[in-house]
Protein chains: 2
Amino acid sequence: MLDKKYLTLKKSIELFLKRINPKNLSYEVIPIEKAYHRVTFEDIYASENLPGFRRSTVDGFAVRSQDTFGAKETMPAYLTVKARIQMGSAPDFSLGPGECAEIGTGGMLPEGADAVVMVEHVNVVSSDLIEVLKPVGPGENVIFEDEDIKKGEIVIPKGHKLKPQDIGALAGLGFSEIKVVKKPVVSIILTGDEIIPHTEKSMPGKVRDINSFVLAGLIEETGGVSLKMGIVKDDYKEIKDVVDKAFESSDIVLITGGTSAGIKDMTAQIINELGEPGVIFHGVSIKPGKPIIAGICNQKPVFGLPGHPVAVYICFELFVKPVIHRLLGLTDKIYKPKVKAKLTRSIFSQAGRTDFIRVYLEERDNNLFATPLLSKSGLIMTLVKANGILCIPEDLLGFEKDEEVEVEIL
Amino acid sequence: MLDKKYLTLKKSIELFLKRINPKNLSYEVIPIEKAYHRVTFEDIYASENLPGFRRSTVDGFAVRSQDTFGAKETMPAYLTVKARIQMGSAPDFSLGPGECAEIGTGGMLPEGADAVVMVEHVNVVSSDLIEVLKPVGPGENVIFEDEDIKKGEIVIPKGHKLKPQDIGALAGLGFSEIKVVKKPVVSIILTGDEIIPHTEKSMPGKVRDINSFVLAGLIEETGGVSLKMGIVKDDYKEIKDVVDKAFESSDIVLITGGTSAGIKDMTAQIINELGEPGVIFHGVSIKPGKPIIAGICNQKPVFGLPGHPVAVYICFELFVKPVIHRLLGLTDKIYKPKVKAKLTRSIFSQAGRTDFIRVYLEERDNNLFATPLLSKSGLIMTLVKANGILCIPEDLLGFEKDEEVEVEIL
């Protein structure tokens with residue numbers, strides 16, 4: 001009953017992840033429109049300056065700043081309006097002393113101009129004469145040609161998950177396609193004589209597949225491609241055949257179910273037969289998810305996940321997700337969304353074990369409360385009803401009612 | 001220069017959102033495999049119990065609990081093993097007094113049995129006799145037939161964005177398809193004589209389209225469908241034609257650019273001509289994003305967004321995203337991911353104005369630091385380099401260096 005023979009969570013993750021260091025990631029070249037949430041394969045350098053010319057940040061008049069020095073309401077600087085700069089075109093003239101040109105936000109400064117006076121600081125005397133009421137310094141209200149992006153600069157580093165603003169910057173630089181890391185393929189094998197497809201009628205003794213739907217969603221959200229290998233009977237030969245096939249056609253293999261003692265050993269045996277070194281650990285001191293098996297076979301990760309949906313979920317988050325991130329070459333620091341909330345009842349754990357408690361977060365009178373959704377293991381509805389997960393670390397025996405705890409948002 | 005004539009952020013959002021109350025959302029019926037991140041159109045009720053039969057949560061022996069009362073290591077209860085229950089099948093026998101049946105985790109209890117003794121608390125004497133070393137109470141180590149989900153219960157409420165675990169629960173209940181709210185179509189119109197497509201060569205005076213890529217990504221992430229209407233010259237008739245077309249074929253219209261004074265009025269005029277009541281507000285006391293125009297025309301939201309990418313981003317998050325959520329009928333409480341960090345320099349704002357500062361979060365010695373990325377407005381790279389946004393509320397004049405601030409994760 002004691003978890004002494006099991007690894008702690010921290011040790012098991014360390015032990016496993018240090019062996020996942022893919023040397024050669026594969027890439028594909030895709031249009032930037034398809035690259036949202038994909039991970040960059042290499043540093044992306046700017047091939048030109050952005051905006052590429054000196055732009056005004058305001059509506060007003062492009063000027064030679066020295067012509068405005070000392071200007072004030074009581075003694076304005078008079079400037080001749082040489083032209084109105086058309087938006088989107090390069091001015092075909094330059095400013096001499098005492099000259100200015102009308103310019104809109106985003107317009108290109110003419111030669112000779114080095115600043116823009118805002119329209120609010122100008123009195124328009126006639127179509128070709130203005131009074132400047134306030135001086136501008138060199139560069140004022142101007143974006144320089146390389147101020148947004150400098151040619152040769154790294155725009156997006158390697159290993160970054162592309163956000164809408166990143167794709168925007170790439171478009172601005174004229175990229176139409178880029179190299180992204182290929183999505184790791186994660187195969188899902190369901191084992192168990194009691195499992196039937198979700199399209200089948202319910203029958204006493206049988207339960208429908210829940211796990212392949214939970215896993216497929218999590219895999220896609222993490223940036224992988226899910227590959228459903230179907231439901232396999234609890235039979236060594238049948239499981240081995242499907243695992244072999246999955247191993248050939250995917251980058252990570254997930255075998256769920258088979259939590260009963262006999263089957264568990266079968267899964268471990270099959271993993272050991274796939275390649276060296278085989279099973280890395282078997283059982284971790286966590287709840288739920290204790291019976292997890294993690295193996296590496298010829299550098300390919302293979303997991304034996306428990307059959308309970310909640311355990312599957314937790315094991316995915318703890319072990320499979322970081323592995324997918326490694327296979328994506330992701331280098332972004334990930335900040336898990338967390339909130340602080342007050343516990344509505346005490347919860348307890350065992351020393352040395354890390355517990356993951358589903359909680360329901362609720363705001364009352366501007367305070368956030370977390371109610372633990374306790375139940376027997378494996379009930380999918382506790383996970384459906386939860387909007388947060390509370391972790392009781394291995395060195396704590398639990399949390400008291402009314403204690404402030406940190407909850408990860410689901 | 002003062003923002004006195006502009007609405008505050010809070011007022012502008014209130015003013016606008018109270019008018020967005022779609023009465024009749026449209027739905028579509030789709031397979032559950034496609035329903036990840038979609039929003040439920042109606043409450044989804046369980047048509048049956050889950051798991052639907054009494055299941056064992058452990059490996060062991062199904063028993064009549066009263067037969068084990070008082071059992072202990074020194075005086076075990078002797079039970080006859082009647083059968084081994086096959087996983088996935090309904091036992092065709094019932095337990096009489098003094099009888100038990102071997103059962104695996106997830107196996108179905110036979111008639112007569114009301115608890116399961118874990119294999120660890122049993123001595124197997126022979127193939128048909130065991131010693132029970134510890135008593136079990138009624139229901140112990142058993143999941144009842146309606147313990148996960150009760151028939152008739154709401155499994156997923158209306159207006160909920162479906163997570164992997166929700167799809168799992170639906171699969172478990174045998175749903176193959178469900179009703180989800182149709183994705184709102186959000187059209188994007190780019191205006192500006194200076195804008196060229198991202199595939200064109202750079203030219204002095206011209207800038208490539210950044211905004212349609214930023215917006216399309218944000219729209220899709222929020223649960224909408226983006227519809228790019230192309231780039232339009234700063235010409236009343238041309239803009240009006242495209243806006244009319246977009247208005248016909250989408251649920252929300254976004255017009256970006258046209259921040260210069262003349263054009264701004266044109267956008268407002270076109271929105272007013274689209275339908276009643278027209279422009280709701282024009283200008284909000286925020287930075288960036290001040291010149292935003294928000295209108296409702298025959299109950300359809302139409303926005304005039306500033307041309308600067310960063311302003312577009314902020315305006316989308318503040319105004320467009322909540323509108324898409326309304327049109328999706330989303331009722332989930334959204335917890336924005338936030339962290340606390342120490343400011344590395346002081347930043348200042350104006351009274352009455354809400355500022356959104358891009359920051360770079362960095363962990364040093366287990367402390368999180370936020371460095372403001374200050375720059376002229378509109379530079380896309382400040383947003384690309386940022387991994388957090390810091391809000392200076394309207395009633396504050398800024399934050400001091402070393403102050404602890406709350407940063408929203410980007």
# chains A, B, ... in the order shown; residues from 1 in each chain; ligands from 1
>>> closest_atom_pairs(of="chain A", to="chain B", cutoff="7 Å", atoms="only C-alpha atoms", output="JSON lines")
{"residue": "A:Tyr36", "atom": "CA", "partner": "B:Gly217", "partner_atom": "CA", "distance": 6.8}
{"residue": "A:Pro51", "atom": "CA", "partner": "B:Val207", "partner_atom": "CA", "distance": 6.6}
{"residue": "A:Gly52", "atom": "CA", "partner": "B:Pro204", "partner_atom": "CA", "distance": 6.8}
{"residue": "A:Phe53", "atom": "CA", "partner": "B:Pro204", "partner_atom": "CA", "distance": 6.0}
{"residue": "A:Asp59", "atom": "CA", "partner": "B:Ser260", "partner_atom": "CA", "distance": 6.2}
{"residue": "A:Met87", "atom": "CA", "partner": "B:Glu194", "partner_atom": "CA", "distance": 5.6}
{"residue": "A:Gly88", "atom": "CA", "partner": "B:Glu194", "partner_atom": "CA", "distance": 3.4}
{"residue": "A:Ser89", "atom": "CA", "partner": "B:Gly205", "partner_atom": "CA", "distance": 4.7}
{"residue": "A:Ala90", "atom": "CA", "partner": "B:Gly205", "partner_atom": "CA", "distance": 5.0}
{"residue": "A:Gly104", "atom": "CA", "partner": "B:Ser260", "partner_atom": "CA", "distance": 6.1}
{"residue": "A:Thr105", "atom": "CA", "partner": "B:Ser260", "partner_atom": "CA", "distance": 6.0}
{"residue": "A:Gly107", "atom": "CA", "partner": "B:Gly205", "partner_atom": "CA", "distance": 6.7}
{"residue": "A:Met108", "atom": "CA", "partner": "B:Gly205", "partner_atom": "CA", "distance": 5.2}
{"residue": "A:Asp148", "atom": "CA", "partner": "B:Leu379", "partner_atom": "CA", "distance": 5.3}
{"residue": "A:Ile149", "atom": "CA", "partner": "B:Met381", "partner_atom": "CA", "distance": 6.8}
{"residue": "A:Pro164", "atom": "CA", "partner": "B:Val214", "partner_atom": "CA", "distance": 4.5}
{"residue": "A:Gln165", "atom": "CA", "partner": "B:Val214", "partner_atom": "CA", "distance": 5.1}
{"residue": "A:Asp166", "atom": "CA", "partner": "B:Val384", "partner_atom": "CA", "distance": 5.6}
{"residue": "A:Ile167", "atom": "CA", "partner": "B:Phe213", "partner_atom": "CA", "distance": 6.2}
{"residue": "A:Gly168", "atom": "CA", "partner": "B:Ile210", "partner_atom": "CA", "distance": 4.5}
{"residue": "A:Ala169", "atom": "CA", "partner": "B:Ile380", "partner_atom": "CA", "distance": 6.2}
{"residue": "A:Ala171", "atom": "CA", "partner": "B:His198", "partner_atom": "CA", "distance": 5.1}
{"residue": "A:Gly172", "atom": "CA", "partner": "B:Arg208", "partner_atom": "CA", "distance": 5.0}
{"residue": "A:Gly174", "atom": "CA", "partner": "B:His198", "partner_atom": "CA", "distance": 5.0}
{"residue": "A:Ser176", "atom": "CA", "partner": "B:Thr199", "partner_atom": "CA", "distance": 6.2}
{"residue": "A:Asp193", "atom": "CA", "partner": "B:Gly88", "partner_atom": "CA", "distance": 5.2}
{"residue": "A:Glu194", "atom": "CA", "partner": "B:Gly88", "partner_atom": "CA", "distance": 3.5}
{"residue": "A:His198", "atom": "CA", "partner": "B:Gly174", "partner_atom": "CA", "distance": 5.0}
{"residue": "A:Thr199", "atom": "CA", "partner": "B:Gly174", "partner_atom": "CA", "distance": 5.7}
{"residue": "A:Glu200", "atom": "CA", "partner": "B:Gly174", "partner_atom": "CA", "distance": 6.9}
{"residue": "A:Pro204", "atom": "CA", "partner": "B:Ala90", "partner_atom": "CA", "distance": 5.6}
{"residue": "A:Gly205", "atom": "CA", "partner": "B:Gly88", "partner_atom": "CA", "distance": 4.6}
{"residue": "A:Lys206", "atom": "CA", "partner": "B:Gly88", "partner_atom": "CA", "distance": 4.9}
{"residue": "A:Val207", "atom": "CA", "partner": "B:Pro51", "partner_atom": "CA", "distance": 6.6}
{"residue": "A:Arg208", "atom": "CA", "partner": "B:Gly172", "partner_atom": "CA", "distance": 5.0}
{"residue": "A:Asp209", "atom": "CA", "partner": "B:Gly172", "partner_atom": "CA", "distance": 6.0}
{"residue": "A:Ile210", "atom": "CA", "partner": "B:Gly168", "partner_atom": "CA", "distance": 4.5}
{"residue": "A:Asn211", "atom": "CA", "partner": "B:Gly168", "partner_atom": "CA", "distance": 6.4}
{"residue": "A:Phe213", "atom": "CA", "partner": "B:Gly168", "partner_atom": "CA", "distance": 4.9}
{"residue": "A:Val214", "atom": "CA", "partner": "B:Pro164", "partner_atom": "CA", "distance": 4.5}
{"residue": "A:Gly217", "atom": "CA", "partner": "B:Pro164", "partner_atom": "CA", "distance": 4.8}
{"residue": "A:Leu218", "atom": "CA", "partner": "B:Pro164", "partner_atom": "CA", "distance": 6.2}
{"residue": "A:Ser260", "atom": "CA", "partner": "B:Thr105", "partner_atom": "CA", "distance": 6.0}
{"residue": "A:Pro337", "atom": "CA", "partner": "B:Pro337", "partner_atom": "CA", "distance": 4.4}
{"residue": "A:Lys338", "atom": "CA", "partner": "B:Pro337", "partner_atom": "CA", "distance": 6.5}
{"residue": "A:Leu379", "atom": "CA", "partner": "B:Asp148", "partner_atom": "CA", "distance": 5.3}
{"residue": "A:Ile380", "atom": "CA", "partner": "B:Ala169", "partner_atom": "CA", "distance": 6.3}
{"residue": "A:Met381", "atom": "CA", "partner": "B:Asp148", "partner_atom": "CA", "distance": 5.9}
{"residue": "A:Leu383", "atom": "CA", "partner": "B:Gln165", "partner_atom": "CA", "distance": 6.6}
{"residue": "A:Val384", "atom": "CA", "partner": "B:Asp166", "partner_atom": "CA", "distance": 5.6}
>>> residues_around(residues="Glu238 (chain B)", least_positions_apart="5", cutoff="12 Å", atoms="only C-alpha atoms", output="ChimeraX atom specification")
/B:189-193,230-233,243-245,266-267,270
>>> write_last_selection(atoms="N, CA and C atoms", output="mmCIF file, in the first residue's frame")
data_model
loop_
_atom_site.group_PDB
_atom_site.id
_atom_site.type_symbol
_atom_site.label_atom_id
_atom_site.label_comp_id
_atom_site.auth_asym_id
_atom_site.auth_seq_id
_atom_site.Cartn_x
_atom_site.Cartn_y
_atom_site.Cartn_z
ATOM 1 N N ILE B 189 -11.348 44.152 -43.203
ATOM 2 C CA ILE B 189 -11.125 45.050 -44.338
ATOM 3 C C ILE B 189 -9.934 45.927 -43.997
ATOM 4 N N LEU B 190 -8.941 45.951 -44.870
ATOM 5 C CA LEU B 190 -7.776 46.807 -44.649
ATOM 6 C C LEU B 190 -7.912 48.032 -45.533
ATOM 7 N N THR B 191 -7.824 49.209 -44.937
ATOM 8 C CA THR B 191 -7.861 50.411 -45.756
ATOM 9 C C THR B 191 -6.523 51.126 -45.672
ATOM 10 N N GLY B 192 -6.178 51.833 -46.712
ATOM 11 C CA GLY B 192 -4.936 52.600 -46.703
ATOM 12 C C GLY B 192 -4.227 52.523 -48.041
ATOM 13 N N ASP B 193 -3.928 53.690 -48.607
ATOM 14 C CA ASP B 193 -3.241 53.734 -49.894
ATOM 15 C C ASP B 193 -1.825 53.180 -49.781
ATOM 16 N N GLY B 230 -9.612 41.815 -48.230
ATOM 17 C CA GLY B 230 -8.606 42.468 -49.062
ATOM 18 C C GLY B 230 -8.276 43.882 -48.619
ATOM 19 N N ILE B 231 -7.460 44.520 -49.446
ATOM 20 C CA ILE B 231 -6.961 45.863 -49.157
ATOM 21 C C ILE B 231 -7.726 46.864 -50.023
ATOM 22 N N VAL B 232 -8.198 47.943 -49.406
ATOM 23 C CA VAL B 232 -8.996 48.941 -50.121
ATOM 24 C C VAL B 232 -8.307 50.295 -50.030
ATOM 25 N N LYS B 233 -8.355 51.048 -51.126
ATOM 26 C CA LYS B 233 -7.770 52.393 -51.129
ATOM 27 C C LYS B 233 -8.584 53.318 -50.218
ATOM 28 N N VAL B 243 -17.300 47.382 -47.542
ATOM 29 C CA VAL B 243 -17.965 47.263 -46.241
ATOM 30 C C VAL B 243 -19.371 46.695 -46.431
ATOM 31 N N ASP B 244 -20.089 47.160 -47.446
ATOM 32 C CA ASP B 244 -21.431 46.633 -47.711
ATOM 33 C C ASP B 244 -21.382 45.129 -47.951
ATOM 34 N N LYS B 245 -20.407 44.705 -48.754
ATOM 35 C CA LYS B 245 -20.260 43.287 -49.062
ATOM 36 C C LYS B 245 -19.945 42.493 -47.785
ATOM 37 N N MET B 266 -14.713 59.370 -42.423
ATOM 38 C CA MET B 266 -15.292 58.573 -43.483
ATOM 39 C C MET B 266 -15.769 57.241 -42.923
ATOM 40 N N THR B 267 -14.899 56.567 -42.138
ATOM 41 C CA THR B 267 -15.279 55.285 -41.540
ATOM 42 C C THR B 267 -16.535 55.455 -40.698
ATOM 43 N N ILE B 270 -19.555 55.854 -42.906
ATOM 44 C CA ILE B 270 -19.962 54.594 -43.541
ATOM 45 C C ILE B 270 -20.674 53.688 -42.538
#
>>> closest_atom_pairs(of="region 315-396 of chain B", to="region 278-283 of chain B", cutoff="12 Å", atoms="only C-alpha atoms", output="JSON lines")
{"residue": "B:Cys315", "atom": "CA", "partner": "B:Gly283", "partner_atom": "CA", "distance": 11.2}
{"residue": "B:Phe319", "atom": "CA", "partner": "B:Phe281", "partner_atom": "CA", "distance": 11.7}
{"residue": "B:Arg353", "atom": "CA", "partner": "B:Gly283", "partner_atom": "CA", "distance": 11.7}
>>> closest_residue(among="B:Gly352, B:Pro31, B:Pro22, B:Pro135", to="Asp67 (chain B)", atoms="only C-alpha atoms")
B:Pro135
>>> select_by_dssp(residues="region 78-244 of chain B", states="helix (DSSP H, G or I)", output="ChimeraX atom specification")
/B:119-121,164-172,211-222,236-244
>>> atom_distance(atom1="CA of Ala115 (chain B)", atom2="CA of Val136 (chain B)")
6.7 Å
>>> select_by_dssp(residues="region 183-278 of chain B", states="strand (DSSP E)", output="list of chain:residue names")
B:Val185, B:Val186, B:Ser187, B:Ile188, B:Ile189, B:Leu190, B:Thr191, B:Ile195, B:Ile196, B:Val207, B:Arg208, B:Val225, B:Ser226, B:Leu227, B:Lys228, B:Met229, B:Gly230, B:Ile231, B:Val232, B:Ile252, B:Val253, B:Leu254, B:Ile255, B:Thr256, B:Pro277, B:Gly278
>>> residues_around(residues="Ala246 (chain B)", least_positions_apart="6", cutoff="12 Å", atoms="only C-alpha atoms", output="CSV table (one decimal) with C-alpha atoms, in the first residue's frame")
chain,number,residue,atom,x,y,z
B,185,VAL,CA,-17.9,35.1,-39.3
B,186,VAL,CA,-15.6,38.1,-38.8
B,187,SER,CA,-14.6,40.0,-41.9
B,188,ILE,CA,-11.4,42.0,-42.1
B,189,ILE,CA,-11.1,45.1,-44.3
B,190,LEU,CA,-7.8,46.8,-44.6
B,226,SER,CA,-12.0,35.1,-40.3
B,227,LEU,CA,-13.0,36.4,-43.7
B,228,LYS,CA,-10.3,38.5,-45.4
B,229,MET,CA,-11.9,41.1,-47.7
B,230,GLY,CA,-8.6,42.5,-49.1
B,239,ILE,CA,-14.5,51.4,-48.9
B,240,LYS,CA,-18.3,51.6,-48.8
B,252,ILE,CA,-18.9,41.2,-37.3
B,253,VAL,CA,-17.1,43.7,-39.6
B,254,LEU,CA,-13.6,45.0,-38.8
B,255,ILE,CA,-12.3,48.0,-40.8
B,274,LEU,CA,-25.0,50.8,-42.6
B,300,LYS,CA,-24.5,43.8,-36.2
B,301,PRO,CA,-21.3,45.0,-34.7
B,302,VAL,CA,-19.0,47.0,-36.9
>>> residues_around(residues="Ser94 (chain B)", least_positions_apart="3", cutoff="12 Å", atoms="only C-alpha atoms", output="compact mmCIF listing (two decimals) with N, CA and C atoms, in the first residue's frame")
# COMPACT_ATOMS: atom_id res chain seq x y z
N ALA B 62 -14.93 -10.02 -5.67
CA ALA B 62 -16.27 -9.50 -5.38
C ALA B 62 -16.87 -10.36 -4.29
N VAL B 63 -17.44 -9.70 -3.27
CA VAL B 63 -17.96 -10.43 -2.11
C VAL B 63 -19.30 -9.86 -1.66
N ARG B 64 -19.96 -10.58 -0.78
CA ARG B 64 -21.07 -10.02 0.00
C ARG B 64 -20.39 -9.43 1.24
N VAL B 81 -14.37 -19.47 -3.94
CA VAL B 81 -14.27 -18.73 -5.21
C VAL B 81 -15.16 -19.42 -6.23
N LYS B 82 -16.26 -18.75 -6.61
CA LYS B 82 -17.26 -19.38 -7.48
C LYS B 82 -16.82 -19.32 -8.94
N ALA B 83 -16.17 -18.21 -9.29
CA ALA B 83 -15.81 -18.05 -10.71
C ALA B 83 -14.81 -16.92 -10.84
N ILE B 85 -14.48 -13.54 -13.04
CA ILE B 85 -15.32 -12.72 -13.92
C ILE B 85 -14.49 -12.22 -15.09
N ALA B 90 -20.93 -9.69 -18.68
CA ALA B 90 -21.81 -9.68 -17.51
C ALA B 90 -21.79 -11.06 -16.89
N PRO B 91 -21.52 -11.14 -15.57
CA PRO B 91 -21.49 -12.47 -14.92
C PRO B 91 -22.87 -13.13 -15.04
N PRO B 97 -24.29 -16.87 0.12
CA PRO B 97 -23.51 -16.67 1.34
C PRO B 97 -22.20 -17.49 1.28
N GLY B 98 -21.12 -16.86 1.70
CA GLY B 98 -19.83 -17.55 1.74
C GLY B 98 -19.17 -17.68 0.38
N GLU B 99 -19.75 -17.04 -0.64
CA GLU B 99 -19.16 -17.16 -1.98
C GLU B 99 -18.52 -15.83 -2.41
N CYS B 100 -17.55 -15.92 -3.30
CA CYS B 100 -16.94 -14.74 -3.88
C CYS B 100 -16.55 -15.05 -5.32
N ALA B 101 -16.12 -14.01 -6.05
CA ALA B 101 -15.70 -14.20 -7.45
C ALA B 101 -14.51 -13.31 -7.73
N MET B 108 -17.36 -6.21 -13.90
CA MET B 108 -18.75 -6.04 -13.45
C MET B 108 -19.06 -6.97 -12.28
N LEU B 109 -19.64 -6.40 -11.22
CA LEU B 109 -19.97 -7.21 -10.04
C LEU B 109 -21.14 -8.14 -10.36
N PRO B 110 -21.09 -9.36 -9.82
CA PRO B 110 -22.24 -10.27 -10.02
C PRO B 110 -23.37 -9.91 -9.07
N GLU B 111 -24.58 -10.37 -9.37
CA GLU B 111 -25.70 -10.26 -8.43
C GLU B 111 -25.26 -10.79 -7.07
N GLY B 112 -25.74 -10.18 -6.02
CA GLY B 112 -25.42 -10.68 -4.68
C GLY B 112 -24.21 -9.98 -4.08
N ALA B 113 -23.21 -9.68 -4.91
CA ALA B 113 -22.01 -9.01 -4.40
C ALA B 113 -22.31 -7.54 -4.16
N ASP B 114 -21.71 -6.94 -3.13
CA ASP B 114 -21.91 -5.51 -2.88
C ASP B 114 -20.60 -4.80 -2.55
>>> decode(residues="region 8-28 of chain B", atoms="N, CA and C atoms", output="compact mmCIF listing (two decimals), in the first residue's frame")
# COMPACT_ATOMS: atom_id res chain seq x y z
N THR B 8 -14.17 56.50 -20.89
CA THR B 8 -13.21 55.62 -20.23
C THR B 8 -13.41 54.21 -20.79
N LEU B 9 -12.41 53.37 -20.55
CA LEU B 9 -12.47 52.00 -21.06
C LEU B 9 -13.71 51.27 -20.53
N LYS B 10 -13.89 51.36 -19.21
CA LYS B 10 -14.99 50.63 -18.59
C LYS B 10 -16.34 51.06 -19.17
N LYS B 11 -16.53 52.37 -19.28
CA LYS B 11 -17.81 52.88 -19.79
C LYS B 11 -18.03 52.44 -21.24
N SER B 12 -16.94 52.50 -22.04
CA SER B 12 -17.12 52.17 -23.45
C SER B 12 -17.50 50.70 -23.63
N ILE B 13 -16.88 49.84 -22.82
CA ILE B 13 -17.20 48.41 -22.93
C ILE B 13 -18.64 48.15 -22.49
N GLU B 14 -19.02 48.75 -21.36
CA GLU B 14 -20.39 48.61 -20.86
C GLU B 14 -21.41 49.06 -21.90
N LEU B 15 -21.16 50.27 -22.40
CA LEU B 15 -22.06 50.91 -23.36
C LEU B 15 -22.29 50.02 -24.57
N PHE B 16 -21.20 49.37 -25.00
CA PHE B 16 -21.27 48.59 -26.23
C PHE B 16 -21.87 47.21 -25.97
N LEU B 17 -21.33 46.53 -24.94
CA LEU B 17 -21.71 45.13 -24.74
C LEU B 17 -23.18 44.98 -24.35
N LYS B 18 -23.73 45.98 -23.68
CA LYS B 18 -25.13 45.82 -23.25
C LYS B 18 -26.06 45.77 -24.46
N ARG B 19 -25.55 46.19 -25.61
CA ARG B 19 -26.38 46.16 -26.83
C ARG B 19 -26.19 44.87 -27.63
N ILE B 20 -25.23 44.05 -27.19
CA ILE B 20 -24.97 42.79 -27.92
C ILE B 20 -25.62 41.64 -27.16
N ASN B 21 -26.83 41.33 -27.48
CA ASN B 21 -27.53 40.24 -26.82
C ASN B 21 -28.27 39.41 -27.84
N PRO B 22 -27.53 38.63 -28.60
CA PRO B 22 -28.17 37.89 -29.68
C PRO B 22 -29.26 36.97 -29.11
N LYS B 23 -30.45 37.09 -29.66
CA LYS B 23 -31.57 36.27 -29.15
C LYS B 23 -31.51 34.87 -29.73
N ASN B 24 -31.24 34.78 -31.01
CA ASN B 24 -31.31 33.48 -31.66
C ASN B 24 -29.96 33.11 -32.26
N LEU B 25 -29.23 32.30 -31.52
CA LEU B 25 -27.96 31.82 -32.06
C LEU B 25 -28.26 30.71 -33.08
N SER B 26 -27.40 30.55 -34.05
CA SER B 26 -27.57 29.45 -35.01
C SER B 26 -26.70 28.28 -34.58
N TYR B 27 -27.16 27.10 -34.90
CA TYR B 27 -26.37 25.92 -34.53
C TYR B 27 -26.05 25.08 -35.75
N GLU B 28 -25.13 24.17 -35.57
CA GLU B 28 -24.90 23.14 -36.57
C GLU B 28 -24.64 21.83 -35.83
